[in-house]
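This is input-v3.cif. It holds mmCIF, C-alpha atoms.
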data_structure
#
loop_
_atom_site.group_PDB
_atom_site.id
_atom_site.type_symbol
_atom_site.label_atom_id
_atom_site.label_comp_id
_atom_site.auth_asym_id
_atom_site.auth_seq_id
_atom_site.Cartn_x
_atom_site.Cartn_y
_atom_site.Cartn_z
ATOM 1 C CA MET Q 25 110.408 112.965 95.823
ATOM 2 C CA LYS Q 26 109.385 109.421 96.697
ATOM 3 C CA ASN Q 27 108.396 106.769 94.191
ATOM 4 C CA VAL Q 28 104.702 105.896 93.956
ATOM 5 C CA PHE Q 29 103.008 102.503 94.229
ATOM 6 C CA LEU Q 30 99.461 102.776 92.905
ATOM 7 C CA PHE Q 31 96.739 100.131 92.849
ATOM 8 C CA LEU Q 32 94.547 100.948 89.853
ATOM 9 C CA GLU Q 33 90.754 100.506 89.610
ATOM 10 C CA ALA Q 34 90.671 98.548 92.855
ATOM 11 C CA ALA Q 35 87.463 96.563 93.313
ATOM 12 C CA LEU Q 36 86.694 98.480 96.507
ATOM 13 C CA GLU Q 37 83.446 100.401 96.954
ATOM 14 C CA THR Q 38 80.436 100.694 99.197
ATOM 15 C CA VAL Q 39 77.184 99.142 98.012
ATOM 16 C CA PRO Q 40 75.805 101.232 95.100
ATOM 17 C CA ALA Q 41 72.344 102.747 95.403
ATOM 18 C CA GLU Q 42 70.823 100.653 92.603
ATOM 19 C CA ILE Q 43 71.179 97.407 94.574
ATOM 20 C CA ALA Q 44 70.966 98.715 98.155
ATOM 21 C CA ARG Q 45 67.412 97.355 98.552
ATOM 22 C CA HIS Q 46 68.238 93.848 97.331
ATOM 23 C CA PRO Q 47 67.394 91.173 99.957
ATOM 24 C CA ALA Q 48 71.001 89.887 100.078
ATOM 25 C CA ILE Q 49 72.304 93.388 100.787
ATOM 26 C CA LYS Q 50 69.630 94.220 103.336
ATOM 27 C CA ALA Q 51 70.177 90.939 105.171
ATOM 28 C CA ASP Q 52 73.944 91.490 105.364
ATOM 29 C CA ALA Q 53 73.506 95.085 106.528
ATOM 30 C CA ARG Q 54 70.960 94.051 109.157
ATOM 31 C CA ARG Q 55 73.254 91.322 110.466
ATOM 32 C CA ARG Q 56 76.100 93.802 110.785
ATOM 33 C CA LYS Q 57 73.863 96.571 112.189
ATOM 34 C CA LYS Q 58 74.780 99.000 109.425
ATOM 35 C CA LYS Q 59 72.923 100.790 106.662
ATOM 36 C CA PRO Q 60 73.092 99.049 103.252
ATOM 37 C CA TYR Q 61 75.027 101.906 101.631
ATOM 38 C CA GLU Q 62 77.633 101.807 104.431
ATOM 39 C CA ILE Q 63 78.856 98.267 103.785
ATOM 40 C CA ILE Q 64 81.556 97.239 101.328
ATOM 41 C CA LEU Q 65 80.393 95.464 98.180
ATOM 42 C CA ASP Q 66 81.624 91.863 98.306
ATOM 43 C CA ASP Q 67 80.876 89.324 95.592
ATOM 44 C CA SER Q 68 81.147 86.422 98.020
ATOM 45 C CA LYS Q 69 78.184 87.795 99.991
ATOM 46 C CA HIS Q 70 76.315 89.874 97.435
ATOM 47 C CA HIS Q 71 76.660 87.782 94.281
ATOM 48 C CA SER Q 72 72.927 87.541 93.614
ATOM 49 C CA ALA Q 73 72.524 91.298 93.989
ATOM 50 C CA MET Q 74 75.373 92.095 91.602
ATOM 51 C CA LYS Q 75 74.140 90.208 88.538
ATOM 52 C CA ASN Q 76 73.004 93.273 86.609
ATOM 53 C CA LEU Q 77 75.629 95.750 87.806
ATOM 54 C CA ARG Q 78 77.597 97.549 85.110
ATOM 55 C CA ASN Q 79 81.168 96.196 84.930
ATOM 56 C CA ARG Q 80 80.200 93.584 87.493
ATOM 57 C CA GLU Q 81 83.184 91.384 86.506
ATOM 58 C CA LYS Q 82 85.530 94.071 87.878
ATOM 59 C CA ARG Q 83 83.648 94.782 91.094
ATOM 60 C CA GLY Q 84 83.094 93.371 94.575
ATOM 61 C CA ARG Q 85 86.555 91.875 95.197
ATOM 62 C CA PRO Q 86 88.165 93.877 98.030
ATOM 63 C CA ASP Q 87 90.111 90.727 98.994
ATOM 64 C CA ILE Q 88 92.434 91.364 96.016
ATOM 65 C CA LEU Q 89 93.437 94.732 97.431
ATOM 66 C CA HIS Q 90 93.693 93.338 100.963
ATOM 67 C CA HIS Q 91 96.187 90.630 99.989
ATOM 68 C CA SER Q 92 98.262 92.911 97.771
ATOM 69 C CA LEU Q 93 98.424 95.713 100.330
ATOM 70 C CA LEU Q 94 99.491 93.328 103.086
ATOM 71 C CA LEU Q 95 102.319 92.071 100.893
ATOM 72 C CA LEU Q 96 103.467 95.584 100.029
ATOM 73 C CA LEU Q 97 103.289 96.914 103.584
ATOM 74 C CA ASP Q 98 105.172 93.869 104.903
ATOM 75 C CA SER Q 99 108.147 94.774 102.699
ATOM 76 C CA PRO Q 100 110.890 97.046 104.094
ATOM 77 C CA ALA Q 101 110.843 98.688 100.667
ATOM 78 C CA SER Q 102 107.372 100.116 101.366
ATOM 79 C CA GLU Q 103 109.036 103.053 103.134
ATOM 80 C CA ASP Q 104 110.406 104.154 99.748
ATOM 81 C CA PHE Q 105 106.902 104.593 98.336
ATOM 82 C CA GLU Q 106 103.955 106.913 98.509
ATOM 83 C CA ILE Q 107 101.153 104.359 98.401
ATOM 84 C CA TYR Q 108 97.758 105.073 96.844
ATOM 85 C CA ILE Q 109 94.604 103.167 95.983
ATOM 86 C CA HIS Q 110 92.617 104.277 92.947
ATOM 87 C CA THR Q 111 89.143 102.719 93.217
ATOM 88 C CA ILE Q 112 86.958 101.584 90.357
ATOM 89 C CA HIS Q 113 84.983 104.841 90.692
ATOM 90 C CA GLY Q 114 88.087 107.028 90.617
ATOM 91 C CA THR Q 115 88.446 107.791 94.322
ATOM 92 C CA ILE Q 116 92.083 108.159 95.427
ATOM 93 C CA ILE Q 117 92.980 106.817 98.881
ATOM 94 C CA TYR Q 118 96.315 107.586 100.534
ATOM 95 C CA VAL Q 119 97.924 104.759 102.523
ATOM 96 C CA ASN Q 120 100.653 105.631 105.003
ATOM 97 C CA SER Q 121 103.533 103.164 104.544
ATOM 98 C CA ARG Q 122 103.623 102.751 108.341
ATOM 99 C CA THR Q 123 100.039 101.507 108.402
ATOM 100 C CA ARG Q 124 99.586 98.014 109.802
ATOM 101 C CA LEU Q 125 96.430 96.681 108.228
ATOM 102 C CA PRO Q 126 94.322 93.998 109.911
ATOM 103 C CA ARG Q 127 95.352 90.599 108.593
ATOM 104 C CA ASN Q 128 91.859 89.300 109.253
ATOM 105 C CA TYR Q 129 89.694 89.950 106.199
ATOM 106 C CA ASN Q 130 86.522 90.853 108.095
ATOM 107 C CA ARG Q 131 88.405 93.378 110.214
ATOM 108 C CA PHE Q 132 89.906 94.848 107.034
ATOM 109 C CA ILE Q 133 86.407 95.258 105.591
ATOM 110 C CA GLY Q 134 85.293 96.999 108.776
ATOM 111 C CA LEU Q 135 88.263 99.352 108.529
ATOM 112 C CA MET Q 136 87.453 100.220 104.911
ATOM 113 C CA GLU Q 137 83.829 100.902 105.853
ATOM 114 C CA ASP Q 138 85.033 103.255 108.595
ATOM 115 C CA LEU Q 139 87.346 104.944 106.097
ATOM 116 C CA PHE Q 140 84.592 105.635 103.571
ATOM 117 C CA LYS Q 141 82.375 106.979 106.357
ATOM 118 C CA LYS Q 142 84.961 109.102 108.223
ATOM 119 C CA ARG Q 143 87.179 109.953 105.211
ATOM 120 C CA GLU Q 144 90.342 109.311 107.216
ATOM 121 C CA ILE Q 145 91.753 106.955 109.820
ATOM 122 C CA VAL Q 146 94.075 108.488 112.417
ATOM 123 C CA ALA Q 147 96.081 106.833 115.210
ATOM 124 C CA ASN Q 148 98.530 108.529 117.591
ATOM 125 C CA ASN Q 149 98.042 111.819 115.707
ATOM 126 C CA GLU Q 150 99.205 110.198 112.448
ATOM 127 C CA VAL Q 151 97.016 109.816 109.359
ATOM 128 C CA LEU Q 152 97.111 106.157 108.325
ATOM 129 C CA LEU Q 153 94.469 106.154 105.589
ATOM 130 C CA LYS Q 154 92.738 109.068 103.879
ATOM 131 C CA VAL Q 155 90.211 109.580 101.111
ATOM 132 C CA THR Q 156 91.763 112.415 99.109
ATOM 133 C CA ASN Q 157 90.598 114.915 96.501
ATOM 134 C CA LEU Q 158 93.459 113.971 94.195
ATOM 135 C CA ASP Q 159 93.155 112.782 90.615
ATOM 136 C CA LEU Q 160 95.352 110.204 88.895
ATOM 137 C CA GLU Q 161 97.424 112.905 87.230
ATOM 138 C CA ASP Q 162 98.170 114.482 90.616
ATOM 139 C CA VAL Q 163 99.442 111.191 92.057
ATOM 140 C CA VAL Q 164 101.902 110.379 89.262
ATOM 141 C CA LEU Q 165 102.979 113.951 88.457
ATOM 142 C CA GLY Q 166 106.684 114.342 87.710
ATOM 143 C CA ARG Q 167 107.402 110.613 87.658
ATOM 144 C CA GLU Q 168 107.991 108.000 84.983
ATOM 145 C CA VAL Q 169 104.724 106.037 84.958
ATOM 146 C CA ILE Q 170 104.794 102.252 84.567
ATOM 147 C CA VAL Q 171 101.568 100.276 84.177
ATOM 148 C CA LEU Q 172 101.719 96.488 84.510
ATOM 149 C CA SER Q 173 99.615 94.816 81.827
ATOM 150 C CA GLU Q 174 99.772 91.567 79.861
ATOM 151 C CA LYS Q 175 99.341 93.772 76.786
ATOM 152 C CA GLY Q 176 102.446 95.801 77.613
ATOM 153 C CA GLU Q 177 105.008 96.697 74.962
ATOM 154 C CA PHE Q 178 107.963 96.407 77.364
ATOM 155 C CA GLY Q 179 109.238 93.500 79.446
ATOM 156 C CA GLU Q 180 110.723 92.899 82.878
ATOM 157 C CA GLU Q 181 114.116 94.269 81.828
ATOM 158 C CA TYR Q 182 112.469 97.668 81.421
ATOM 159 C CA LEU Q 183 111.463 97.562 85.112
ATOM 160 C CA ARG Q 184 115.052 97.027 86.190
ATOM 161 C CA GLU Q 185 116.145 100.191 84.416
ATOM 162 C CA ALA Q 186 113.076 102.281 85.300
ATOM 163 C CA PHE Q 187 113.410 101.428 88.995
ATOM 164 C CA LYS Q 188 116.739 103.234 89.039
ATOM 165 C CA ARG Q 189 114.891 106.463 88.237
ATOM 166 C CA ASN Q 190 111.976 108.285 89.872
ATOM 167 C CA PHE Q 191 108.848 106.319 88.998
ATOM 168 C CA ALA Q 192 105.199 105.534 89.687
ATOM 169 C CA VAL Q 193 104.300 101.874 89.274
ATOM 170 C CA CYS Q 194 100.656 100.931 88.742
ATOM 171 C CA VAL Q 195 99.035 97.533 89.327
ATOM 172 C CA GLY Q 196 95.435 96.681 88.512
ATOM 173 C CA ALA Q 197 93.526 95.479 91.598
ATOM 174 C CA PHE Q 198 90.422 93.982 89.990
ATOM 175 C CA PRO Q 199 89.573 90.345 89.123
ATOM 176 C CA HIS Q 200 88.765 90.409 85.393
ATOM 177 C CA GLY Q 201 88.740 92.695 82.366
ATOM 178 C CA ASP Q 202 90.988 95.510 81.195
ATOM 179 C CA PHE Q 203 91.795 98.995 82.377
ATOM 180 C CA SER Q 204 89.009 101.415 81.494
ATOM 181 C CA GLU Q 205 89.417 103.822 78.587
ATOM 182 C CA GLY Q 206 89.252 106.722 81.035
ATOM 183 C CA VAL Q 207 92.229 105.419 83.010
ATOM 184 C CA ILE Q 208 94.219 104.733 79.851
ATOM 185 C CA ARG Q 209 93.540 108.286 78.644
ATOM 186 C CA LYS Q 210 94.756 109.765 81.920
ATOM 187 C CA LEU Q 211 97.881 107.611 81.811
ATOM 188 C CA LYS Q 212 98.440 107.984 78.065
ATOM 189 C CA ASP Q 213 102.154 108.776 78.425
ATOM 190 C CA SER Q 214 102.805 105.685 80.557
ATOM 191 C CA LYS Q 215 104.981 102.729 79.676
ATOM 192 C CA PHE Q 216 102.906 99.540 79.664
ATOM 193 C CA VAL Q 217 105.015 96.613 80.882
ATOM 194 C CA SER Q 218 104.235 92.899 80.628
ATOM 195 C CA LEU Q 219 105.670 90.203 82.889
ATOM 196 C CA GLY Q 220 104.716 87.461 80.435
ATOM 197 C CA PRO Q 221 102.213 86.271 77.820
ATOM 198 C CA ILE Q 222 99.430 85.418 80.266
ATOM 199 C CA SER Q 223 97.327 87.301 82.796
ATOM 200 C CA TYR Q 224 98.786 87.252 86.327
ATOM 201 C CA THR Q 225 97.067 87.943 89.630
ATOM 202 C CA SER Q 226 97.511 91.303 91.318
ATOM 203 C CA LEU Q 227 99.222 89.539 94.210
ATOM 204 C CA TYR Q 228 101.789 87.910 91.920
ATOM 205 C CA VAL Q 229 102.457 91.173 90.082
ATOM 206 C CA THR Q 230 102.922 93.048 93.376
ATOM 207 C CA SER Q 231 105.320 90.346 94.548
ATOM 208 C CA LYS Q 232 107.299 90.478 91.304
ATOM 209 C CA ILE Q 233 107.619 94.259 91.433
ATOM 210 C CA LEU Q 234 108.875 94.104 95.007
ATOM 211 C CA CYS Q 235 111.412 91.388 94.150
ATOM 212 C CA VAL Q 236 112.853 93.429 91.278
ATOM 213 C CA TYR Q 237 112.832 96.664 93.262
ATOM 214 C CA GLU Q 238 114.347 95.161 96.415
ATOM 215 C CA ARG Q 239 117.286 93.756 94.453
ATOM 216 C CA ILE Q 240 117.997 97.180 92.990
ATOM 217 C CA ARG Q 241 117.493 98.823 96.391
ATOM 218 C CA THR Q 242 119.960 96.430 98.045
ATOM 219 C CA ALA Q 243 122.574 96.941 95.340
ATOM 220 C CA LYS Q 244 122.232 100.718 95.661
ATOM 221 C CA ASN Q 245 122.694 100.631 99.437
ATOM 222 C CA ASN Q 246 125.765 98.364 99.362
#
What is this file in structure tokens?
Amino acid sequence: MKNVFLFLEAALETVPAEIARHPAIKADARRRKKKPYEIILDDSKHHSAMKNLRNREKRGRPDILHHSLLLLLDSPASEDFEIYIHTIHGTIIYVNSRTRLPRNYNRFIGLMEDLFKKREIVANNEVLLKVTNLDLEDVVLGREVIVLSEKGEFGEEYLREAFKRNFAVCVGAFPHGDFSEGVIRKLKDSKFVSLGPISYTSLYVTSKILCVYERIRTAKNN
């Protein structure tokens, strides 16, 4: 059984119905020759439309996921993981560790829009990305679950020991705020681990996890 790398509550979603008729959304959709509900919500383009959205501080930042995924997939250690994205609305997306994502942000957005529309992306008869019917509990089942949070009870030394066992490591992929109560309930038996007294970016946390894990992986293989 492989370890799991899970991006939690990723700020990745298509434009919600309540703002689909906003002028900023309609103009962007028209420019890209797509329907408003087919495009990915992006704060840099749709800021004026998002002002009254619930949990707006956690939404519309797919760039966070893009950067973190590129870093993870660039690592040789990615082959040790089952990789999943848990979106802010609870959708679970499978990411094949052999996937080579577009490094260009706009192309990445186009790929995510295709994924939400087609439900899976396939190349050379291999599924690279897939919107699944899984729940959080299904993804982490049978593994020691580690959630990275500045409010964690455990420190980095806990990671070094946990990474020697079978684990699922979870990183928030949203810009501001805390994990939702629903996510915390589903992961109630997890170990919450802090890397320090301040809030770190998702990219930094992903990098730190890979550094710790790769050292353990190298020692194990030597």
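One finds atom CA of His113 of chain Q at 15.2 Å from atom CA of Gly201 of chain Q.
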I need the residue nearest Val164 of chain Q from this list: Q:Leu234, Q:Ser214, Q:Ser72, Q:Arg127. Use all atoms listed in the file for the distance.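 Going through Q:Leu234, Q:Ser214, Q:Ser72, Q:Arg127 one by one, the smallest distance to Val164 of chain Q is for Q:Ser214.
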Edge lengths and centre, in Å to one decimal, as lines of an AutoDock Vina configuration file: that's what I need for the box along x, y and z that holds all listed atoms of segment 131-147 of chain Q plus 8 Å on each side.
center_x = 89.2
center_y = 101.7
center_z = 109.4
size_x = 29.7
size_y = 32.6
size_z = 27.6
Determine the nearest neighbour of Ile240 of chain Q from the options Q:Phe187, Q:Phe132, Q:Phe140, Q:Phe198, counting all atoms listed in the file.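 Under the stated criterion, the closest residue is Q:Phe187.
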Please check which residues have atoms at most 12 Å from (94.9, 110.6, 87.9) in the file's coordinates, counting all atoms listed in the file, and write them as a PyMOL selection string. chain Q and resi 30-33+108-111+113-117+156-165+169+192+194+206-212+214
Written as a list in words, which residues does the PyMOL selection byres ((chain Q and resi 179) around 9) give for the file shown?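 This file, filtered by the PyMOL selection byres ((chain Q and resi 179) around 9), leaves Gly176, Glu177, Phe178, Glu180, Glu181, Tyr182, Leu183, Phe216, Val217, Ser218, Leu219 and Gly220 of chain Q.
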Selection to disk with C-alpha atoms, as a compact mmCIF listing (two decimals), in the coordinates of the input:
# COMPACT_ATOMS: atom_id res chain seq x y z
CA GLY Q 176 102.45 95.80 77.61
CA GLU Q 177 105.01 96.70 74.96
CA PHE Q 178 107.96 96.41 77.36
CA GLU Q 180 110.72 92.90 82.88
CA GLU Q 181 114.12 94.27 81.83
CA TYR Q 182 112.47 97.67 81.42
CA LEU Q 183 111.46 97.56 85.11
CA PHE Q 216 102.91 99.54 79.66
CA VAL Q 217 105.02 96.61 80.88
CA SER Q 218 104.24 92.90 80.63
CA LEU Q 219 105.67 90.20 82.89
CA GLY Q 220 104.72 87.46 80.44
Go through Q:Lys141, Q:His91, Q:His200, Q:Arg80 one by one, measure the shortest atom-to-atom distance of each to Ile64 of chain Q using all atoms listed in the file, and give the residue with the smallest value. Q:Lys141
Within 10 Å of segment 146-151 of chain Q, counting all atoms listed in the file, which residues show up once you throw out same-chain ones fewer than 2 positions away? Write them as a short mmCIF file (atom, residue, chain, number, x, y, z; two decimals) with C-alpha atoms, in the frame of the given file, please.
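See around.cif below for the written result:
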data_model
loop_
_atom_site.label_atom_id
_atom_site.label_comp_id
_atom_site.auth_asym_id
_atom_site.auth_seq_id
_atom_site.Cartn_x
_atom_site.Cartn_y
_atom_site.Cartn_z
CA TYR Q 118 96.32 107.59 100.53
CA VAL Q 119 97.92 104.76 102.52
CA ASN Q 120 100.65 105.63 105.00
CA ARG Q 122 103.62 102.75 108.34
CA THR Q 123 100.04 101.51 108.40
CA LEU Q 139 87.35 104.94 106.10
CA GLU Q 144 90.34 109.31 107.22
CA LEU Q 153 94.47 106.15 105.59
CA LYS Q 154 92.74 109.07 103.88
#
Cut-off 12 Å around (111.2, 92.5, 94.7) with only C-alpha atoms: residues as JSON, numbers by chain: {"Q": [95, 96, 98, 99, 100, 101, 102, 180, 183, 184, 187, 228, 229, 230, 231, 232, 233, 234, 235, 236, 237, 238, 239, 240, 241, 242]}
